[in-house]
Every structure is written in structure tokens, then in C-alpha cells.
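With mmCIF, C-alpha atoms inside, this is model_28.cif:
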```cif
data_upload
#
loop_
_atom_site.label_atom_id
_atom_site.label_comp_id
_atom_site.auth_asym_id
_atom_site.auth_seq_id
_atom_site.Cartn_x
_atom_site.Cartn_y
_atom_site.Cartn_z
CA MET B 1 0.00 0.00 0.00
CA HIS B 2 1.39 3.42 -0.97
CA ARG B 3 2.25 5.61 2.01
CA GLN B 4 1.76 9.33 1.61
CA THR B 5 4.73 11.31 2.85
CA PRO B 6 4.26 14.38 5.06
CA PHE B 7 5.11 16.50 2.02
CA ALA B 8 2.21 15.00 0.03
CA ILE B 9 -0.17 15.66 2.94
CA ILE B 10 1.00 19.27 3.14
CA VAL B 11 0.53 19.81 -0.59
CA ILE B 12 -2.97 18.24 -0.55
CA ALA B 13 -4.00 20.35 2.44
CA THR B 14 -2.73 23.49 0.78
CA LEU B 15 -4.67 22.86 -2.42
CA ALA B 16 -7.83 22.14 -0.43
CA TRP B 17 -7.59 25.35 1.62
CA GLY B 18 -10.38 27.87 0.91
CA CYS B 19 -13.13 27.82 -1.72
CA GLY B 20 -11.51 29.75 -4.52
CA PRO B 21 -10.50 28.31 -7.85
CA THR B 22 -7.40 26.19 -8.22
CA PRO B 23 -4.53 28.54 -9.05
CA ASP B 24 -3.01 28.39 -12.51
CA THR B 25 0.48 26.97 -11.86
CA ARG B 26 1.58 27.19 -15.47
CA SER B 27 3.08 30.62 -14.90
CA GLN B 28 4.74 29.70 -11.59
CA ASP B 29 8.34 28.58 -11.08
CA PRO B 30 8.15 24.78 -10.58
CA ALA B 31 11.08 24.91 -8.16
CA ALA B 32 9.26 27.42 -5.98
CA ALA B 33 6.23 25.13 -5.75
CA ALA B 34 8.29 22.03 -4.83
CA PRO B 35 8.17 20.91 -1.20
CA VAL B 36 11.27 21.70 0.87
CA PHE B 37 13.24 18.71 2.17
CA THR B 38 14.02 19.08 5.87
CA ALA B 39 16.03 17.32 8.56
CA ASP B 40 12.79 16.20 10.21
CA ALA B 41 11.65 14.71 6.92
CA LEU B 42 14.79 12.57 6.72
CA ARG B 43 14.33 11.42 10.31
CA LEU B 44 10.76 10.35 9.54
CA ARG B 45 11.79 8.55 6.36
CA LEU B 46 14.39 6.56 8.30
CA GLU B 47 12.07 5.73 11.17
CA THR B 48 9.29 4.53 8.83
CA ALA B 49 11.51 2.92 6.17
CA ALA B 50 10.48 -0.40 4.64
CA PRO B 51 12.58 -2.97 2.76
CA GLY B 52 13.41 -1.75 -0.72
CA ASP B 53 13.11 1.95 0.08
CA VAL B 54 15.54 4.36 -1.57
CA ILE B 55 15.80 7.55 0.44
CA ASP B 56 17.14 10.35 -1.74
CA VAL B 57 18.56 13.31 0.13
CA PRO B 58 18.96 16.44 -2.01
CA PRO B 59 21.86 18.88 -1.92
CA GLY B 60 22.01 21.03 1.17
CA THR B 61 23.14 21.08 4.77
CA PHE B 62 20.75 19.50 7.26
CA ASP B 63 21.25 20.12 10.97
CA PHE B 64 20.39 17.57 13.66
CA ARG B 65 20.31 17.78 17.45
CA ARG B 66 19.89 14.04 17.99
CA GLY B 67 21.12 10.96 16.21
CA LEU B 68 19.41 9.19 13.33
CA THR B 69 18.51 5.49 13.42
CA LEU B 70 17.64 3.00 10.69
CA THR B 71 16.51 -0.52 11.59
CA ALA B 72 14.86 -1.78 8.38
CA ASP B 73 16.63 -4.15 5.98
CA GLY B 74 17.16 -3.43 2.30
CA VAL B 75 17.31 0.37 2.47
CA THR B 76 19.47 2.74 0.44
CA ILE B 77 20.30 6.26 1.61
CA ARG B 78 21.57 8.33 -1.30
CA GLY B 79 22.76 11.93 -1.31
CA ALA B 80 23.86 14.20 -4.12
CA GLY B 81 27.57 13.96 -3.33
CA MET B 82 29.85 13.95 -0.30
CA ASP B 83 30.38 17.71 -0.62
CA ALA B 84 26.81 18.51 -1.68
CA THR B 85 24.64 16.69 0.86
CA VAL B 86 25.79 17.27 4.44
CA LEU B 87 24.21 15.85 7.59
CA ARG B 88 25.57 18.14 10.31
CA PHE B 89 25.49 17.33 14.03
CA ALA B 90 27.41 20.26 15.47
CA GLU B 91 24.58 20.94 17.93
CA GLN B 92 23.91 17.28 18.79
CA VAL B 93 22.61 16.79 22.33
CA ALA B 94 21.25 13.22 22.15
CA GLY B 95 22.42 9.96 20.64
CA ALA B 96 25.71 8.09 20.83
CA GLU B 97 26.16 8.25 17.03
CA GLY B 98 25.27 10.50 14.17
CA VAL B 99 23.74 7.71 12.10
CA LEU B 100 23.16 4.23 13.56
CA VAL B 101 22.14 1.37 11.25
CA THR B 102 21.19 -2.13 12.39
CA GLY B 103 19.73 -3.56 9.16
CA SER B 104 21.12 -5.84 6.45
CA ASP B 105 21.36 -5.26 2.69
CA PHE B 106 22.09 -1.62 3.41
CA THR B 107 23.73 0.98 1.17
CA ILE B 108 24.69 4.55 2.00
CA GLU B 109 26.34 6.74 -0.60
CA ASP B 110 27.16 10.23 -1.77
CA LEU B 111 26.80 12.28 1.39
CA ALA B 112 28.74 13.67 4.35
CA ILE B 113 28.28 13.29 8.11
CA GLU B 114 29.92 16.08 10.09
CA ASP B 115 30.72 16.97 13.70
CA THR B 116 28.90 14.20 15.54
CA ALA B 117 29.13 13.95 19.31
CA GLY B 118 30.12 10.29 19.04
CA ASP B 119 30.76 7.97 16.11
CA ALA B 120 29.71 9.41 12.76
CA LEU B 121 28.32 6.31 10.96
CA LYS B 122 27.96 3.11 12.96
CA ILE B 123 26.63 -0.06 11.31
CA ASN B 124 25.99 -2.64 14.01
CA GLY B 125 25.46 -6.15 12.70
CA GLY B 126 23.95 -6.98 9.36
CA ARG B 127 25.01 -8.54 6.08
CA ASN B 128 25.71 -7.12 2.65
CA ILE B 129 26.71 -3.60 3.61
CA ALA B 130 27.99 -0.94 1.19
CA VAL B 131 29.40 2.44 2.20
CA ARG B 132 30.27 4.36 -0.91
CA ARG B 133 31.48 7.95 -1.33
CA VAL B 134 30.66 8.94 2.23
CA ARG B 135 32.67 11.63 4.00
CA THR B 136 32.87 11.69 7.80
CA GLU B 137 34.60 14.69 9.30
CA TRP B 138 35.09 16.72 12.46
CA THR B 139 35.59 20.13 10.97
CA ASN B 140 37.57 21.50 13.94
CA GLY B 141 40.46 19.16 13.04
CA PRO B 142 42.23 16.65 15.30
CA ASP B 143 40.85 16.88 18.84
CA THR B 144 40.42 14.41 21.68
CA THR B 145 36.80 15.54 22.09
CA ASN B 146 35.92 14.38 18.56
CA GLY B 147 33.92 11.21 18.09
CA ALA B 148 35.90 7.98 18.15
CA TYR B 149 35.05 6.47 14.75
CA GLY B 150 34.16 7.88 11.37
CA ILE B 151 32.95 4.92 9.31
CA TYR B 152 32.36 2.08 11.77
CA PRO B 153 30.91 -1.28 10.65
CA VAL B 154 31.09 -3.80 13.49
CA GLN B 155 29.95 -7.44 13.62
CA THR B 156 28.99 -7.35 9.95
CA GLU B 157 29.42 -9.77 7.06
CA ASN B 158 30.10 -9.00 3.39
CA THR B 159 31.04 -5.36 3.90
CA LEU B 160 32.36 -2.87 1.34
CA VAL B 161 33.74 0.58 2.15
CA GLU B 162 34.90 2.40 -0.96
CA GLU B 163 35.69 5.85 -2.36
CA SER B 164 35.01 7.45 1.01
CA VAL B 165 36.83 10.04 3.12
CA ALA B 166 37.38 10.00 6.89
CA ILE B 167 38.85 13.00 8.69
CA ALA B 168 39.79 13.76 12.32
CA ALA B 169 38.34 10.80 14.25
CA SER B 170 39.83 10.49 17.73
CA ASP B 171 40.17 6.72 17.29
CA ALA B 172 39.92 5.42 13.70
CA GLY B 173 38.70 7.11 10.56
CA ILE B 174 37.63 3.85 8.93
CA TYR B 175 37.27 0.97 11.37
CA VAL B 176 35.94 -2.50 10.62
CA GLY B 177 35.71 -4.75 13.66
CA GLN B 178 34.60 -8.29 14.45
CA SER B 179 33.41 -8.74 10.89
CA ARG B 180 33.79 -11.31 8.10
CA ASN B 181 34.51 -10.80 4.40
CA VAL B 182 35.48 -7.15 4.13
CA ILE B 183 36.82 -4.93 1.37
CA VAL B 184 38.12 -1.43 2.14
CA ARG B 185 39.24 0.13 -1.13
CA ASN B 186 40.00 3.47 -2.76
CA ASN B 187 39.35 5.56 0.34
CA ARG B 188 41.19 8.48 1.88
CA ALA B 189 41.86 8.71 5.62
CA GLU B 190 43.66 11.69 7.11
CA TRP B 191 44.11 13.55 10.39
CA ASN B 192 42.75 10.59 12.41
CA VAL B 193 44.58 8.76 15.18
CA ALA B 194 44.33 5.54 13.14
CA GLY B 195 43.62 6.10 9.48
CA ILE B 196 42.23 2.65 8.66
CA GLU B 197 41.89 -0.09 11.25
CA ILE B 198 40.93 -3.74 10.79
CA GLU B 199 40.30 -5.39 14.15
CA ASN B 200 39.33 -8.97 15.03
CA THR B 201 38.08 -9.48 11.49
CA VAL B 202 38.20 -12.62 9.36
CA ARG B 203 39.21 -12.10 5.70
CA ALA B 204 39.80 -8.47 4.82
CA ASP B 205 41.27 -6.81 1.74
CA VAL B 206 42.54 -3.25 2.21
CA HIS B 207 43.76 -1.75 -1.06
CA GLY B 208 43.93 1.35 -3.21
CA ASN B 209 43.64 3.65 -0.20
CA VAL B 210 45.49 6.80 0.79
CA ALA B 211 46.33 7.03 4.50
CA THR B 212 48.16 10.25 5.28
CA ARG B 213 48.69 12.68 8.16
CA ASN B 214 47.20 10.29 10.71
CA THR B 215 49.05 9.18 13.86
CA GLY B 216 49.22 5.67 12.36
CA GLY B 217 48.32 4.88 8.77
CA ILE B 218 46.86 1.35 8.54
CA LEU B 219 46.41 -0.91 11.58
CA VAL B 220 45.60 -4.63 11.63
CA PHE B 221 44.91 -5.63 15.23
CA ASN B 222 43.62 -8.50 17.32
CA MET B 223 42.34 -7.58 20.77
CA PRO B 224 41.33 -9.83 23.68
CA ASP B 225 37.92 -10.15 25.32
CA LEU B 226 36.05 -10.07 22.02
CA PRO B 227 33.85 -12.87 20.63
CA GLN B 228 35.89 -13.33 17.44
CA ALA B 229 39.60 -13.52 16.68
CA GLY B 230 40.71 -12.11 13.36
CA HIS B 231 42.90 -13.67 10.70
CA SER B 232 43.64 -13.45 6.97
CA ALA B 233 44.09 -9.82 5.95
CA ARG B 234 45.70 -8.43 2.81
CA VAL B 235 47.00 -4.85 2.84
CA PHE B 236 48.20 -3.95 -0.65
CA ASP B 237 48.62 -1.19 -3.23
CA ASN B 238 48.04 1.59 -0.70
CA ASP B 239 49.77 4.95 -0.32
CA VAL B 240 50.72 5.16 3.35
CA LEU B 241 52.50 8.49 3.63
CA ASP B 242 53.58 10.98 6.30
CA ASN B 243 51.48 9.71 9.16
CA SER B 244 53.02 11.82 11.89
CA THR B 245 50.14 13.65 13.61
CA ALA B 246 50.52 13.77 17.39
CA ASN B 247 48.33 11.17 19.06
CA PHE B 248 45.09 12.77 20.25
CA GLY B 249 43.30 9.57 21.26
CA ALA B 250 41.35 9.47 24.49
CA PRO B 251 43.53 8.28 27.39
CA GLY B 252 43.01 4.58 28.02
CA SER B 253 41.80 3.79 24.52
CA ALA B 254 43.66 1.17 22.48
CA VAL B 255 44.94 3.68 19.95
CA ALA B 256 46.17 6.13 22.58
CA SER B 257 49.40 4.12 22.63
CA VAL B 258 50.01 4.28 18.86
CA PRO B 259 53.25 6.22 18.39
CA ALA B 260 53.15 9.19 16.07
CA GLY B 261 54.93 8.43 12.83
CA SER B 262 53.72 4.85 12.30
CA GLY B 263 52.99 3.57 8.79
CA VAL B 264 51.51 0.06 8.96
CA ILE B 265 51.08 -1.71 12.31
CA VAL B 266 50.26 -5.40 12.66
CA SER B 267 49.53 -6.41 16.25
CA ALA B 268 48.71 -9.94 17.45
CA HIS B 269 47.12 -10.79 14.10
CA ASP B 270 47.75 -13.98 12.12
CA ARG B 271 47.99 -14.56 8.37
CA VAL B 272 48.57 -11.02 7.17
CA GLU B 273 50.04 -10.02 3.81
CA VAL B 274 51.46 -6.52 3.33
CA PHE B 275 52.57 -6.06 -0.27
CA ASP B 276 53.01 -3.59 -3.13
CA ASN B 277 52.39 -0.58 -0.90
CA ARG B 278 54.17 2.76 -1.01
CA ILE B 279 55.18 3.56 2.56
CA ALA B 280 57.23 6.60 3.54
CA GLY B 281 57.61 9.50 5.94
CA HIS B 282 57.20 7.72 9.28
CA ARG B 283 59.57 8.80 12.00
CA THR B 284 58.79 5.86 14.30
CA GLY B 285 58.73 3.18 11.63
CA ASN B 286 57.33 2.30 8.24
CA ILE B 287 56.10 -1.16 9.30
CA LEU B 288 55.76 -2.13 12.97
CA ILE B 289 54.97 -5.70 14.01
CA SER B 290 54.09 -6.35 17.63
CA SER B 291 52.60 -8.79 20.03
CA TYR B 292 49.83 -7.77 22.38
CA PHE B 293 52.41 -7.64 25.17
CA SER B 294 54.39 -4.68 23.86
CA ALA B 295 51.61 -2.74 22.17
CA GLY B 296 51.31 -0.37 25.10
CA TYR B 297 47.69 -1.05 26.00
CA SER B 298 47.90 -4.50 27.57
CA GLY B 299 48.57 -3.57 31.19
CA GLU B 300 49.40 -6.86 32.84
CA ARG B 301 50.68 -9.53 30.51
CA GLU B 302 48.12 -12.11 31.54
CA VAL B 303 45.48 -12.73 28.87
CA GLN B 304 42.68 -15.24 28.64
CA PRO B 305 43.84 -18.71 27.47
CA THR B 306 41.86 -18.52 24.22
CA PHE B 307 43.56 -15.31 23.07
CA ASP B 308 46.68 -15.61 20.91
CA PRO B 309 48.80 -12.52 21.63
CA TYR B 310 51.43 -13.19 18.96
CA PRO B 311 51.55 -12.14 15.29
CA GLU B 312 52.16 -15.25 13.20
CA THR B 313 52.35 -16.23 9.53
CA LEU B 314 53.05 -12.77 8.18
CA PHE B 315 54.23 -12.15 4.62
CA VAL B 316 55.66 -8.73 3.72
CA TYR B 317 56.93 -8.27 0.18
CA GLY B 318 57.14 -5.96 -2.82
CA ASN B 319 56.69 -2.70 -0.90
CA THR B 320 58.41 0.58 -1.80
CA PHE B 321 59.82 2.43 1.19
CA GLY B 322 60.90 6.01 1.77
CA ARG B 323 62.34 7.63 4.84
CA GLY B 324 61.34 6.09 8.16
CA GLY B 325 62.53 5.22 11.65
CA HIS B 326 64.71 8.33 12.03
CA ALA B 327 63.08 9.81 15.18
CA PRO B 328 60.89 7.25 16.97
CA ASP B 329 58.07 8.45 19.20
CA LEU B 330 58.95 5.73 21.73
CA ALA B 331 61.89 6.08 24.09
CA GLU B 332 62.79 2.38 23.85
CA LEU B 333 62.87 2.48 20.07
CA ASP B 334 64.89 5.65 19.98
CA ALA B 335 67.43 4.16 22.39
CA VAL B 336 67.79 1.11 20.13
CA ARG B 337 68.13 3.35 17.07
CA THR B 338 70.92 5.36 18.67
CA ALA B 339 72.73 2.31 19.99
CA LEU B 340 72.68 0.41 16.69
CA TYR B 341 72.72 3.13 14.04
CA GLY B 342 74.05 6.26 15.70
CA ALA B 343 72.53 9.62 16.54
CA SER B 344 71.67 10.38 12.92
CA GLY B 345 70.78 6.84 11.88
CA SER B 346 67.43 5.25 11.09
CA LEU B 347 65.76 1.97 11.98
CA PRO B 348 65.14 -0.60 9.24
CA ASP B 349 61.82 -0.39 7.40
CA ILE B 350 60.37 -3.35 9.32
CA VAL B 351 60.58 -3.41 13.11
CA TRP B 352 59.38 -6.41 15.18
CA ASP B 353 59.13 -6.47 18.94
CA GLY B 354 60.56 -10.00 19.00
CA PHE B 355 57.86 -11.70 21.06
CA HIS B 356 57.06 -15.15 19.70
CA ASN B 357 55.24 -18.21 20.94
CA PRO B 358 57.83 -20.80 21.98
CA GLU B 359 55.35 -23.51 20.98
CA LYS B 360 55.03 -22.17 17.42
CA THR B 361 58.53 -21.80 16.03
CA GLY B 362 58.24 -23.59 12.69
CA ALA B 363 58.35 -22.04 9.24
CA ALA B 364 54.56 -22.00 9.06
CA PHE B 365 54.44 -19.31 11.77
CA ALA B 366 57.35 -17.16 10.59
CA ILE B 367 57.38 -13.48 9.74
CA CYS B 368 58.57 -13.67 6.13
CA THR B 369 60.00 -10.61 4.39
CA GLY B 370 62.32 -12.03 1.74
CA ASP B 371 65.42 -9.86 1.46
CA THR B 372 63.96 -6.92 3.42
CA ALA B 373 65.70 -6.51 6.75
CA VAL B 374 63.76 -6.95 9.99
CA LEU B 375 64.95 -5.45 13.25
CA ASP B 376 64.19 -7.76 16.20
CA LEU B 377 63.93 -5.44 19.20
CA ASP B 378 64.21 -8.25 21.76
CA ALA B 379 61.44 -6.61 23.76
CA ASP B 380 60.85 -9.94 25.48
CA GLY B 381 64.39 -9.70 26.82
CA GLY B 382 64.10 -6.10 27.91
CA TYR B 383 65.70 -4.77 24.71
CA ALA B 384 69.00 -6.27 25.83
CA ASN B 385 70.02 -7.81 22.50
CA PRO B 386 68.29 -6.18 19.53
CA GLY B 387 69.56 -6.93 16.06
CA VAL B 388 68.90 -7.99 12.48
CA ASP B 389 68.88 -11.66 11.46
CA GLY B 390 68.24 -11.82 7.74
CA SER B 391 68.08 -15.59 7.49
CA ALA B 392 65.23 -15.83 10.00
CA HIS B 393 62.88 -13.90 7.71
CA ASP B 394 64.10 -14.91 4.27
CA CYS B 395 61.06 -17.06 3.53
CA ALA B 396 57.63 -16.98 1.89
CA HIS B 397 54.10 -18.14 2.67
CA GLU B 398 51.35 -19.33 0.41
CA LYS B 399 49.42 -16.25 -0.67
CA LEU B 400 45.93 -15.57 0.61
CA ALA B 401 42.94 -15.68 -1.72
CA PRO B 402 41.22 -12.38 -2.59
CA VAL B 403 38.07 -11.46 -0.71
CA THR B 404 34.95 -11.62 -2.86
CA LEU B 405 31.60 -10.09 -1.99
CA PRO B 406 28.23 -11.07 -3.46
CA GLY B 407 27.22 -8.59 -6.17
CA ARG B 408 30.28 -6.36 -5.61
#
```
Representation of the structure as C-alpha cells:
Amino acid sequence: MHRQTPFAIIVIATLAWGCGPTPDTRSQDPAAAAPVFTADALRLRLETAAPGDVIDVPPGTFDFRRGLTLTADGVTIRGAGMDATVLRFAEQVAGAEGVLVTGSDFTIEDLAIEDTAGDALKINGGRNIAVRRVRTEWTNGPDTTNGAYGIYPVQTENTLVEESVAIAASDAGIYVGQSRNVIVRNNRAEWNVAGIEIENTVRADVHGNVATRNTGGILVFNMPDLPQAGHSARVFDNDVLDNSTANFGAPGSAVASVPAGSGVIVSAHDRVEVFDNRIAGHRTGNILISSYFSAGYSGEREVQPTFDPYPETLFVYGNTFGRGGHAPDLAELDAVRTALYGASGSLPDIVWDGFHNPEKTGAAFAICTGDTAVLDLDADGGYANPGVDGSAHDCAHEKLAPVTLPGR
């Protein structure tokens, strides 16, 4: 059954008002007679959406004081462009997010979400998600009071984030967590603490992105106390450049310990490929590989028995590196740099904390980098004997299969 929108009701009521003749609209400007799209109209469309609805949002800036919520499956929200259609939450007083979506078969595209009190776009659960040409931004620039996440799918399956822009999130600009089958491609992330973060996710491809001027460029993490452990991520053909913004993460958050000047970080994650990227301009290090123990947010070293705190079966190859490791934002790293390479020296392009599981020492679990040097920091031994052992990493793993998404 066709539902009349509030705009249709208003138009009908207007035409029915009074007893005079129907005005001749042929001489009127059609644009002047068209109903005006409002923020309240968008809220109503979302709250009453049904499967299959396409909600078109015209150009303009629409201000909201409380968050928007969509629960229906099979809905598309479509703006006129990420710089033309702006959902602005600068005066938000209610809601933990700007836009919260809990449905499946959901697409959002061609709009911007600005200045939310919390996360900009959170997609909680659901299958077959597409985020396309969406800009999330805190227009005041990097600030601890900004929302944590820009584009934030969590516990989803078959998720695509593409051609989007994320700016100034106090945690991660683009974050995909506890999800399965994910593609993050051709996006731009800048001025965030973490540009792009994949956390506790199974099968993720991250490629064609630009991560620049964040604290850390691209992060692939596993964290404890979550229902799913991640594995199998490919990070390739990205430009990871000049990520040196001072860390402005909220104290106590996981990313608050990310050192400024970090390119790609892999922490406690298994089966990761990092290849064919262009990585440069990172004063702490171009590629950092760490266990959970030395990541700076673990507190005590005890973790639950089901959590694997070690990074294993990593394959790093074919990357192009520029300057890095010349002024680490960690005292321990800088001390190692000075001791091994002198006051004006730089760390190698790949730095590993050295923690490894003594029960998993075979070739299948190795960090393989071919002929690219890896600095073992010996963090497990209190940084007493750091050094480079080329033979330990001169190996290769079977390559991971690409992620494929239905209909994408």
C-alpha cells in the first residue's frame, strides 16, 4: 500500500484550503512550488523505512540535534555527493552516534556526516553492507573531544567501504571490527589517530587507499575479550604516507598508545600479507609488528587462554619504502636506534618487537619478508640484544585468496 509522505499531505492540504478556484500553476516557477526537504523529513523517512526503500537526500546542509537510526533491511540512503549533501550534528545533544544502522542489505552513498558527538556512521550487525562515497569529518580538526570512529561497521558480514573520506576521528577514521569478508578500497583517511583499522576481522582486503597525516596509517589488530579472533588480511597497493600527527586519542583507549609516525602496524594478528604498498615519511617506523604484550595497552601480561597474543604467519613483500625510523616516538625504540645506528641513523623499514610463541617456532608461523631486513627489538628480553637476522625472515608463505563479496 502506498504511504503518503508528510510532504504529500502538506501539498494536498494546501490545495484544499479555501473555496476559490485552483490557481493556474503554469506561470509559476516549478522549483518554488516544490516541497522543501528538511532534517525532520529525513528522520521520519528513516524511522518509517520499509525494505526496498531508496531515500534520496537532495543537496544542502541538514542540521540535527539528535542521532538518526535505521533498523529496516534493504534500504538505500543516497545523497547528491559527499560535498553537496551534508548531515551536520554540530549541535547534537542526544544519541551516541550520528547515524546508527542495524539492518542488512544496506547501502549509503554520496553524502557527508559532520561533527557528531560520538561515532559518525555506525553499522551494528547486518550482512551485505555498502558504504560508498561517504565523508565523515570533524571540521575542527584533530581533537580528543571528537567522536571515536568515522565509518564504523562492526559485527557485519560482506562489507564494502569504498571511495570514502574519513577525517579527524579520535580513534579510527575507517574501522571495521569483528566482521567477516570485508573490502576497504580506494578511500582516503587523514588527520585521524588511526587512518584505517581492521580489528578482530576474518578475511579483509585493504587496497587502493590513501592514508596520510594520521598518527598511524593502517592498523591490523587483534584484541582480547572479544567474541571473534581475526585472521587473513591483505594490505596492498596503498599509499601510506607521512602519518606523523601527534596522538590525540582518548587516554586509556587502544589507539592512545600508537606512536606518532607509524605507517603500517600489525599487532597480534595472524595470516597477514602486506605487499606492493608505497610507505614513507614515518619517523617511528614504516612497518611495525608487535605482540599484544608490547603494544602499550595491555597492562598486565596475563590474557585469557583462548587469546593468541602473537603475530604469526606474516608475509611482507614488494613494498616501496621512503624515509622512516629516524626519530621514533617511543623512548625504547629511539634508544635502540641510537645504539645500533648512531645519533643520525634510522631503523630498518620493518621493526618487530621480538615476542614469539615458543610452541610455534616452525616455518609455518614465521614473519617472512624475503630480502627486506627486519629489526628484532628483543622486547621480550628487555631490549637487551636487539639486532637484524636476515636468514630468520628470508622465507615466503602461500598467498591468501582475494576477498569476494556477493554482487560487488
Practice problem: Rounded to one decimal place, report the CA of Val165 in chain B-CA of Asn187 in chain B distance in Å. | Solution: 5.8 Å
Write out as a tab-separated table (two decimals) with C-alpha atoms, in the frame of the given file the residues lying within 8 Å of range 313-329 of chain B, counting all atoms listed in the file and excluding same-chain residues fewer than 5 positions away.
```tsv
chain	number	residue	atom	x	y	z
B	259	PRO	CA	53.25	6.22	18.39
B	260	ALA	CA	53.15	9.19	16.07
B	261	GLY	CA	54.93	8.43	12.83
B	270	ASP	CA	47.75	-13.98	12.12
B	271	ARG	CA	47.99	-14.56	8.37
B	272	VAL	CA	48.57	-11.02	7.17
B	273	GLU	CA	50.04	-10.02	3.81
B	274	VAL	CA	51.46	-6.52	3.33
B	275	PHE	CA	52.57	-6.06	-0.27
B	276	ASP	CA	53.01	-3.59	-3.13
B	277	ASN	CA	52.39	-0.58	-0.90
B	278	ARG	CA	54.17	2.76	-1.01
B	279	ILE	CA	55.18	3.56	2.56
B	280	ALA	CA	57.23	6.60	3.54
B	281	GLY	CA	57.61	9.50	5.94
B	282	HIS	CA	57.20	7.72	9.28
B	283	ARG	CA	59.57	8.80	12.00
B	284	THR	CA	58.79	5.86	14.30
B	285	GLY	CA	58.73	3.18	11.63
B	286	ASN	CA	57.33	2.30	8.24
B	334	ASP	CA	64.89	5.65	19.98
B	337	ARG	CA	68.13	3.35	17.07
B	344	SER	CA	71.67	10.38	12.92
B	345	GLY	CA	70.78	6.84	11.88
B	346	SER	CA	67.43	5.25	11.09
B	347	LEU	CA	65.76	1.97	11.98
B	348	PRO	CA	65.14	-0.60	9.24
B	349	ASP	CA	61.82	-0.39	7.40
B	364	ALA	CA	54.56	-22.00	9.06
B	365	PHE	CA	54.44	-19.31	11.77
B	366	ALA	CA	57.35	-17.16	10.59
B	367	ILE	CA	57.38	-13.48	9.74
B	368	CYS	CA	58.57	-13.67	6.13
B	369	THR	CA	60.00	-10.61	4.39
B	370	GLY	CA	62.32	-12.03	1.74
B	372	THR	CA	63.96	-6.92	3.42
B	396	ALA	CA	57.63	-16.98	1.89
B	397	HIS	CA	54.10	-18.14	2.67
```
Exercise. Between B:Ala373, B:Ala268, B:Ala246, B:Gly173, single out the one closest to Asn357 in chain B, counting only C-alpha atoms.
Key: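 Of B:Ala373, B:Ala268, B:Ala246, B:Gly173, the one nearest Asn357 in chain B, counting only C-alpha atoms, is B:Ala268.
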Please evaluate the PyMOL selection byres ((chain B and resi 200) around 8) against the displayed coordinates and give the resulting residues as an mmCIF file with C-alpha atoms, in the coordinates of the input.
```
data_model
loop_
_atom_site.group_PDB
_atom_site.id
_atom_site.type_symbol
_atom_site.label_atom_id
_atom_site.label_comp_id
_atom_site.auth_asym_id
_atom_site.auth_seq_id
_atom_site.Cartn_x
_atom_site.Cartn_y
_atom_site.Cartn_z
ATOM 1 C CA GLY B 177 35.710 -4.750 13.660
ATOM 2 C CA GLN B 178 34.600 -8.290 14.450
ATOM 3 C CA SER B 179 33.410 -8.740 10.890
ATOM 4 C CA ILE B 198 40.930 -3.740 10.790
ATOM 5 C CA GLU B 199 40.300 -5.390 14.150
ATOM 6 C CA THR B 201 38.080 -9.480 11.490
ATOM 7 C CA VAL B 202 38.200 -12.620 9.360
ATOM 8 C CA PHE B 221 44.910 -5.630 15.230
ATOM 9 C CA ASN B 222 43.620 -8.500 17.320
ATOM 10 C CA MET B 223 42.340 -7.580 20.770
ATOM 11 C CA LEU B 226 36.050 -10.070 22.020
ATOM 12 C CA GLN B 228 35.890 -13.330 17.440
ATOM 13 C CA ALA B 229 39.600 -13.520 16.680
ATOM 14 C CA GLY B 230 40.710 -12.110 13.360
ATOM 15 C CA HIS B 231 42.900 -13.670 10.700
#
```
Quiz prompt | Selection dump of the PyMOL selection byres ((chain B and resi 79-85) around 6), as number ranges by chain | solution = B: 56-60, 78, 86, 110-112, 134-135
Exercise. Have a look at CA of Ala39 in chain B and CA of Leu121 in chain B and let me know their distance in Å, one decimal.
Key: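 Atom-to-atom, CA of Ala39 in chain B to CA of Leu121 in chain B, that is 16.7 Å.
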Self-check item: Two-atom distance - CA of Gly126 in chain B, CA of Glu157 in chain B (Å)
Solution: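 Interatomic distance, CA of Gly126 in chain B to CA of Glu157 in chain B: 6.6 Å.
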Practice problem: Find the residues near Pro406 in chain B: any atom within 10 Å, counting all atoms listed in the file, skip ones fewer than 4 places away on the same chain, and give them as number ranges by chain. | Solution: B: 128, 158-159
Practice problem: To verify the selection step, state as a ChimeraX atom specification which residues the PyMOL selection byres ((chain B and resi 216-218) around 8) yields on this input. | Solution: /B:193-197,211-215,219-220,240-241,243-244,258-265
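The set of protein, DNA and RNA residues with any counted atom at most 10 Å from (40.0, 11.2, 25.6) (all atoms listed in the file) reads Asp143, Thr144, Thr145, Asn146, Gly147, Ala148, Ser170, Asp171, Phe248, Gly249, Ala250, Pro251, Gly252, Ser253 and Ala256 of chain B.
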Quiz item: Which residue out of B:Gly362, B:Gly67, B:Gly382, B:Gly74 has the minimum interatomic distance to Ile129 in chain B when only C-alpha atoms are used?
Solution: B:Gly74
Exercise. May I ask which of the residues B:Gly342, B:Pro311, B:Gly95, B:Gly150 is the closest one to Ile113 in chain B, counting only C-alpha atoms?
Key: B:Gly150
Need the axis-aligned box for range 315-322 of chain B with 8 Å each side, so what are the centre and edges in Å to one decimal, as lines of an AutoDock Vina configuration file?
```
center_x = 57.6
center_y = -3.1
center_z = 0.9
size_x = 22.7
size_y = 34.2
size_z = 23.4
```
